[in-house]
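structure-v8.csv (CSV, C-alpha atoms and all ligand atoms)
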```csv
chain,number,residue,atom,x,y,z
A,1,VAL,CA,-106.0,-160.4,-20.3
A,2,ARG,CA,-105.7,-157.3,-18.1
A,3,ILE,CA,-103.9,-155.4,-20.9
A,4,ARG,CA,-106.6,-156.3,-23.4
A,5,LEU,CA,-109.5,-155.3,-21.2
A,6,SER,CA,-107.9,-151.9,-20.4
A,7,LEU,CA,-107.3,-151.4,-24.1
A,8,LEU,CA,-110.9,-152.2,-25.0
A,9,ALA,CA,-112.0,-149.8,-22.3
A,10,ALA,CA,-109.8,-147.1,-23.7
A,11,LEU,CA,-111.1,-147.7,-27.3
A,12,ALA,CA,-114.7,-147.6,-26.1
A,13,ALA,CA,-114.1,-144.3,-24.3
A,14,VAL,CA,-112.6,-142.8,-27.5
A,15,ALA,CA,-115.4,-144.1,-29.6
A,16,VAL,CA,-118.0,-142.5,-27.4
A,17,SER,CA,-116.4,-139.1,-27.3
A,18,VAL,CA,-115.3,-138.6,-30.9
A,19,PRO,CA,-116.9,-141.3,-33.1
A,20,ALA,CA,-116.8,-139.4,-36.4
A,21,THR,CA,-113.1,-138.6,-36.5
A,22,VAL,CA,-111.5,-141.7,-35.3
A,23,ALA,CA,-110.2,-144.0,-38.0
A,24,ALA,CA,-110.9,-147.7,-37.6
A,25,VAL,CA,-108.4,-149.1,-35.2
A,26,PRO,CA,-106.9,-152.3,-36.5
A,27,GLU,CA,-107.0,-155.4,-34.3
A,28,GLN,CA,-103.8,-155.5,-32.2
A,29,ALA,CA,-101.4,-157.7,-34.1
A,30,ASN,CA,-100.6,-161.0,-32.5
A,31,PRO,CA,-97.6,-160.5,-30.2
A,32,HIS,CA,-94.3,-161.6,-31.8
A,33,ALA,CA,-91.1,-162.8,-30.3
A,34,THR,CA,-87.5,-161.5,-30.7
A,35,LEU,CA,-84.7,-163.7,-29.7
A,36,VAL,CA,-82.6,-161.6,-27.3
A,37,ARG,CA,-80.0,-164.1,-26.0
A,38,VAL,CA,-78.5,-167.5,-26.6
A,39,ASP,CA,-76.6,-168.6,-23.5
A,40,VAL,CA,-74.2,-171.4,-24.3
A,41,PHE,CA,-72.7,-173.3,-21.4
A,42,ASP,CA,-69.3,-174.5,-22.4
A,43,PRO,CA,-67.4,-177.5,-21.0
A,44,ALA,CA,-64.2,-176.7,-19.1
A,45,LYS,CA,-62.0,-179.0,-21.0
A,46,GLY,CA,-61.9,-181.5,-23.8
A,47,GLY,CA,-61.8,-179.3,-26.9
A,48,LYS,CA,-64.3,-179.3,-29.7
A,49,GLY,CA,-66.4,-182.3,-29.4
A,50,GLY,CA,-63.9,-184.0,-27.1
A,51,PRO,CA,-65.5,-186.4,-24.6
A,52,PRO,CA,-64.6,-186.1,-20.9
A,53,ALA,CA,-61.8,-188.3,-19.7
A,54,PRO,CA,-63.1,-191.9,-19.4
A,55,SER,CA,-62.5,-192.6,-15.7
A,56,THR,CA,-62.1,-189.3,-13.9
A,57,ALA,CA,-63.9,-186.0,-13.6
A,58,ASN,CA,-62.4,-182.6,-14.3
A,59,CYS,CA,-64.0,-180.7,-11.5
A,60,SER,CA,-62.2,-179.2,-8.4
A,61,ASP,CA,-63.1,-179.2,-4.8
A,62,GLU,CA,-64.6,-175.9,-3.5
A,63,PRO,CA,-62.4,-174.3,-0.9
A,64,ALA,CA,-64.1,-172.8,2.1
A,65,GLY,CA,-65.2,-169.2,1.6
A,66,ALA,CA,-64.5,-169.5,-2.2
A,67,THR,CA,-67.5,-167.4,-3.3
A,68,SER,CA,-67.7,-163.6,-3.1
A,69,SER,CA,-70.8,-161.4,-2.9
A,70,SER,CA,-69.1,-159.2,-5.6
A,71,ASP,CA,-69.1,-161.9,-8.3
A,72,TRP,CA,-72.4,-161.5,-10.1
A,73,ALA,CA,-73.7,-160.1,-13.4
A,74,LEU,CA,-77.2,-159.5,-14.9
A,75,THR,CA,-78.6,-160.3,-18.3
A,76,GLY,CA,-81.2,-157.4,-18.4
A,77,TRP,CA,-84.4,-159.3,-17.8
A,78,LYS,CA,-86.5,-160.6,-15.0
A,79,THR,CA,-88.9,-163.5,-15.2
A,80,ALA,CA,-92.4,-163.8,-13.8
A,81,GLY,CA,-92.0,-167.5,-13.2
A,82,GLY,CA,-94.9,-169.9,-13.9
A,83,ALA,CA,-94.9,-173.4,-15.5
A,84,ALA,CA,-91.8,-175.0,-17.0
A,85,HIS,CA,-92.8,-177.7,-19.5
A,86,LEU,CA,-90.5,-180.7,-19.5
A,87,ASN,CA,-90.6,-183.0,-22.5
A,88,SER,CA,-90.0,-186.3,-20.7
A,89,SER,CA,-89.7,-188.2,-24.0
A,90,THR,CA,-86.4,-186.5,-24.7
A,91,VAL,CA,-84.8,-187.4,-21.3
A,92,PRO,CA,-82.1,-190.1,-21.5
A,93,ALA,CA,-83.6,-193.3,-20.1
A,94,ALA,CA,-80.7,-193.8,-17.7
A,95,LEU,CA,-81.7,-190.6,-15.8
A,96,GLY,CA,-85.3,-191.8,-15.1
A,97,ASP,CA,-87.8,-189.2,-13.8
A,98,VAL,CA,-85.9,-185.9,-13.6
A,99,ARG,CA,-88.8,-183.7,-12.6
A,100,GLY,CA,-87.7,-183.6,-8.9
A,101,VAL,CA,-84.1,-182.6,-9.9
A,102,LEU,CA,-85.3,-179.9,-12.2
A,103,GLN,CA,-87.8,-178.6,-9.7
A,104,ALA,CA,-85.1,-178.4,-7.0
A,105,SER,CA,-82.9,-176.6,-9.5
A,106,PHE,CA,-85.5,-173.9,-10.0
A,107,ASP,CA,-86.2,-173.8,-6.2
A,108,ALA,CA,-82.5,-173.1,-5.6
A,109,TRP,CA,-83.3,-169.6,-6.9
A,110,GLY,CA,-87.0,-169.4,-6.3
A,111,SER,CA,-86.6,-169.9,-2.6
A,112,GLU,CA,-84.8,-166.5,-2.3
A,113,PRO,CA,-86.9,-163.6,-1.1
A,114,ASN,CA,-89.2,-161.9,-3.7
A,115,VAL,CA,-88.1,-164.3,-6.4
A,116,PRO,CA,-90.9,-165.9,-8.5
A,117,ASP,CA,-91.3,-169.7,-8.6
A,118,PHE,CA,-91.4,-172.1,-11.5
A,119,THR,CA,-93.3,-175.3,-11.4
A,120,VAL,CA,-91.9,-178.2,-13.6
A,121,VAL,CA,-94.7,-180.0,-15.4
A,122,ALA,CA,-94.1,-183.0,-17.6
A,123,ASP,CA,-96.4,-181.9,-20.4
A,124,GLY,CA,-93.8,-180.6,-22.8
A,125,THR,CA,-94.0,-181.6,-26.5
A,126,VAL,CA,-91.3,-179.6,-28.3
A,127,THR,CA,-88.0,-181.2,-29.4
A,128,ARG,CA,-86.2,-177.9,-30.0
A,129,ALA,CA,-86.2,-174.5,-28.5
A,130,THR,CA,-89.5,-172.9,-29.6
A,131,ALA,CA,-90.9,-169.4,-29.0
A,132,ASN,CA,-94.4,-170.4,-27.8
A,133,ARG,CA,-94.8,-168.1,-24.7
A,134,GLY,CA,-93.9,-171.0,-22.3
A,135,ALA,CA,-90.7,-172.2,-20.7
A,136,ASP,CA,-89.6,-175.5,-22.3
A,137,LEU,CA,-87.1,-177.9,-20.9
A,138,LEU,CA,-85.7,-180.7,-23.0
A,139,PHE,CA,-82.7,-182.8,-24.1
A,140,GLY,CA,-81.8,-182.2,-27.7
A,141,ARG,CA,-79.3,-181.2,-30.3
A,142,VAL,CA,-77.1,-178.2,-29.5
A,143,SER,CA,-74.4,-176.6,-31.6
A,144,GLY,CA,-70.8,-177.6,-31.0
A,145,ASN,CA,-70.0,-179.3,-27.7
A,146,ALA,CA,-72.1,-177.1,-25.4
A,147,ILE,CA,-73.3,-178.7,-22.2
A,148,ALA,CA,-76.6,-176.9,-22.4
A,149,VAL,CA,-78.1,-173.8,-24.1
A,150,THR,CA,-80.7,-171.4,-22.8
A,151,TYR,CA,-82.6,-169.3,-25.4
A,152,THR,CA,-84.5,-166.2,-24.3
A,153,TRP,CA,-87.1,-164.2,-26.2
A,154,ARG,CA,-88.7,-160.9,-25.5
A,155,TRP,CA,-92.3,-160.8,-26.8
A,156,SER,CA,-93.8,-157.5,-28.1
A,157,ASP,CA,-96.2,-157.4,-25.2
A,158,GLY,CA,-93.3,-157.6,-22.7
A,159,LEU,CA,-93.4,-161.3,-21.9
A,160,ILE,CA,-90.0,-162.9,-21.3
A,161,GLU,CA,-89.7,-166.5,-22.4
A,162,SER,CA,-86.7,-168.8,-21.9
A,163,ASP,CA,-86.2,-172.5,-23.1
A,164,THR,CA,-83.3,-174.7,-21.9
A,165,VAL,CA,-81.9,-177.5,-24.1
A,166,PHE,CA,-79.6,-180.0,-22.5
A,167,ASN,CA,-77.1,-181.6,-24.8
A,168,ARG,CA,-78.4,-185.2,-25.3
A,169,SER,CA,-75.1,-186.4,-26.6
A,170,LEU,CA,-73.2,-186.0,-23.3
A,171,ALA,CA,-72.9,-188.5,-20.4
A,172,TRP,CA,-75.4,-187.3,-17.8
A,173,ALA,CA,-76.1,-188.5,-14.3
A,174,ILE,CA,-77.8,-187.5,-11.1
A,175,LEU,CA,-74.8,-187.7,-8.8
A,176,PRO,CA,-75.0,-188.2,-5.0
A,177,GLU,CA,-74.2,-185.3,-2.7
A,178,ASP,CA,-70.5,-184.5,-2.3
A,179,SER,CA,-69.6,-182.1,0.4
A,180,SER,CA,-66.5,-181.0,-1.4
A,181,GLY,CA,-68.6,-180.0,-4.5
A,182,CYS,CA,-66.7,-182.3,-6.8
A,183,ALA,CA,-67.0,-186.1,-7.2
A,184,GLU,CA,-63.6,-186.9,-8.8
A,185,THR,CA,-64.6,-190.4,-9.8
A,186,GLN,CA,-67.7,-189.4,-11.7
A,187,PRO,CA,-67.0,-188.5,-15.4
A,188,PHE,CA,-70.6,-187.3,-15.9
A,189,TYR,CA,-72.4,-184.0,-16.0
A,190,ASP,CA,-74.7,-183.8,-13.0
A,191,LEU,CA,-78.1,-182.7,-14.2
A,192,GLY,CA,-78.8,-180.5,-11.1
A,193,ASN,CA,-75.4,-178.8,-11.3
A,194,ILE,CA,-76.0,-177.8,-14.9
A,195,ALA,CA,-79.7,-177.0,-14.5
A,196,VAL,CA,-79.1,-174.6,-11.6
A,197,HIS,CA,-76.7,-172.7,-13.9
A,198,GLU,CA,-79.1,-172.6,-16.8
A,199,PHE,CA,-82.1,-171.6,-14.7
A,200,GLY,CA,-80.0,-168.8,-13.3
A,201,HIS,CA,-80.0,-167.4,-16.8
A,202,ILE,CA,-83.8,-167.8,-16.9
A,203,TYR,CA,-84.0,-165.8,-13.8
A,204,GLY,CA,-81.8,-163.1,-15.4
A,205,LEU,CA,-78.3,-163.8,-14.1
A,206,ASP,CA,-75.3,-163.6,-16.4
A,207,HIS,CA,-71.8,-165.1,-16.1
A,208,PRO,CA,-69.7,-163.0,-13.7
A,209,ALA,CA,-66.3,-161.8,-14.8
A,210,ALA,CA,-64.7,-163.7,-11.9
A,211,GLY,CA,-66.0,-166.2,-9.4
A,212,ARG,CA,-64.8,-169.7,-10.3
A,213,PHE,CA,-67.1,-171.3,-7.6
A,214,GLU,CA,-70.3,-169.4,-8.3
A,215,SER,CA,-73.2,-171.3,-9.9
A,216,MET,CA,-73.1,-168.8,-12.7
A,217,TYR,CA,-69.4,-169.3,-13.5
A,218,LYS,CA,-69.1,-169.7,-17.3
A,219,TYR,CA,-67.7,-173.2,-17.4
A,220,GLY,CA,-69.2,-176.5,-16.3
A,221,TYR,CA,-67.3,-179.6,-15.2
A,222,THR,CA,-67.8,-183.3,-15.1
A,223,GLY,CA,-68.3,-184.6,-11.5
A,224,GLU,CA,-69.2,-181.1,-10.3
A,225,VAL,CA,-72.1,-180.7,-7.9
A,226,LEU,CA,-71.2,-177.4,-6.2
A,227,LYS,CA,-73.3,-175.3,-8.6
A,228,ARG,CA,-76.4,-176.9,-7.2
A,229,THR,CA,-76.1,-174.4,-4.3
A,230,PRO,CA,-75.9,-170.7,-5.4
A,231,GLY,CA,-72.8,-168.9,-4.1
A,232,ASP,CA,-72.6,-165.6,-2.3
A,233,GLY,CA,-72.3,-163.7,-5.6
A,234,ASP,CA,-75.2,-165.6,-7.2
A,235,ARG,CA,-77.5,-164.8,-4.3
A,236,THR,CA,-76.4,-161.1,-4.1
A,237,GLY,CA,-77.1,-160.6,-7.8
A,238,LEU,CA,-80.5,-162.2,-7.6
A,239,GLY,CA,-81.4,-160.1,-4.6
A,240,VAL,CA,-80.4,-156.9,-6.4
A,241,LEU,CA,-82.5,-158.0,-9.5
A,242,TYR,CA,-85.6,-158.9,-7.5
A,243,ALA,CA,-85.5,-156.3,-4.8
A,244,PRO,CA,-89.0,-154.9,-4.2
A,301,ZN,ZN,-74.2,-169.8,-18.8
```

Could you render the structure from this file as structure tokens?
Amino acid sequence: VRIRLSLLAALAAVAVSVPATVAAVPEQANPHATLVRVDVFDPAKGGKGGPPAPSTANCSDEPAGATSSSDWALTGWKTAGGAAHLNSSTVPAALGDVRGVLQASFDAWGSEPNVPDFTVVADGTVTRATANRGADLLFGRVSGNAIAVTYTWRWSDGLIESDTVFNRSLAWAILPEDSSGCAETQPFYDLGNIAVHEFGHIYGLDHPAAGRFESMYKYGYTGEVLKRTPGDGDRTGLGVLYAP
């Protein structure tokens, strides 16, 4: 709204000063979206379409001091935060109400200094990633055996939009806390663990070249919960990106 008002003011000023020589200015075209990134979160093991092992997870305990402030990378955008629209009708019934888990996953980043907040609202309606100027969260079809995919668009007026699709075909759970970062007996993908990684992309973080125990590490594991808490590299990268 602010942009449009200033544009109108500028046009009015031009019209007053040189009315006879200014050609009719067309209405500003509706902003359009360009898909700039598709971040695919791959499973660590199992091969194409392979399900996780039936009785054990494939995660690893996080050793003390395993994250490093040098292990971070950026995608090239920042977000302004706002509402994230969850389509509750797409959520696997076994998970129940996931709003709290998803909100906590945004807050893992948004609680850092100068970082904008997202608020998860269960008013989403889309069933696939859709460029509609709002962040959408849903379970749906993804290509291959990705755990989740985050799509990011840059709109012609500068707005950055990201949608996250969690692979509805996988075995999901909301696992209990595990101080080691890995629940070896749980062959499920923990929603919070995966969501923190995906929302890191929404905030503008990329996969670091190294950093096996950072939240933004490029692979996800069954039973893993350590990504719920950003590591030293994750937090350093975010701090650089959102420094005032
Ligand atoms: Zn990723």

Self-check item: Nearby polymer residues, ligand ZN 301 (chain A), at most 12 Å, all atoms listed in the file, as a ChimeraX atom specification
Solution: /A:37-43,73-75,146-151,164,193-209,214-220,227

Quiz item: Which of these residues is nearest to Ser180 (chain A), using only C-alpha atoms: A:Val225, A:Val121, A:Ala93, A:Ala84?
Solution: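 For Ser180 (chain A), the nearest of the candidates is A:Val225.
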
Quiz item: Counting all atoms listed in the file, which of A:Trp72, A:Trp77, A:Tyr242, A:Trp172 gets nearest to Leu159 (chain A)?
Solution: A:Trp77

Quiz item: Counting only C-alpha atoms, which of A:Val91, A:Val165, A:Ile160, A:Ala57 gets nearest to Arg128 (chain A)?
Solution: A:Val165

Exercise. For CA of Glu184 (chain A) and CA of Leu137 (chain A), determine how far apart the two atoms are, in Å to one decimal place.
Key: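 Separation between CA of Glu184 (chain A) and CA of Leu137 (chain A): 27.9 Å.
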
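Rounded to one decimal, CA of Phe106 (chain A) and CA of Leu35 (chain A) lie 22.2 Å from each other.
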
Quiz item: Which is closer to Cys59 (chain A) than all the others in A:Leu95, A:Ala108, A:Ala44, A:Leu86, using only C-alpha atoms?
Solution: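 Using only C-alpha atoms, Cys59 (chain A) sits closest to A:Ala44.
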
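Taking CA of Gly134 (chain A) as the reference point, CA of Val115 (chain A) is found at 18.2 Å.
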
Self-check item: Option closest in space to Glu161 (chain A), from A:Ala129, A:Leu238, A:Ala183, A:Leu138 [counting only C-alpha atoms]
Solution: A:Ala129

Quiz prompt | Given only C-alpha atoms as the counted atoms, nearest of A:Arg235, A:Arg133, A:Lys78, A:His32 to Trp109 (chain A) | solution =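 Closest to Trp109 (chain A), using only C-alpha atoms: A:Arg235.
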
Self-check item: Shell of 10 Å around Asn114 (chain A), all atoms listed in the file, local chain residues under 4 positions omitted, as an MDAnalysis selection string
Solution: chainID A and resid 110 238:239 241:244
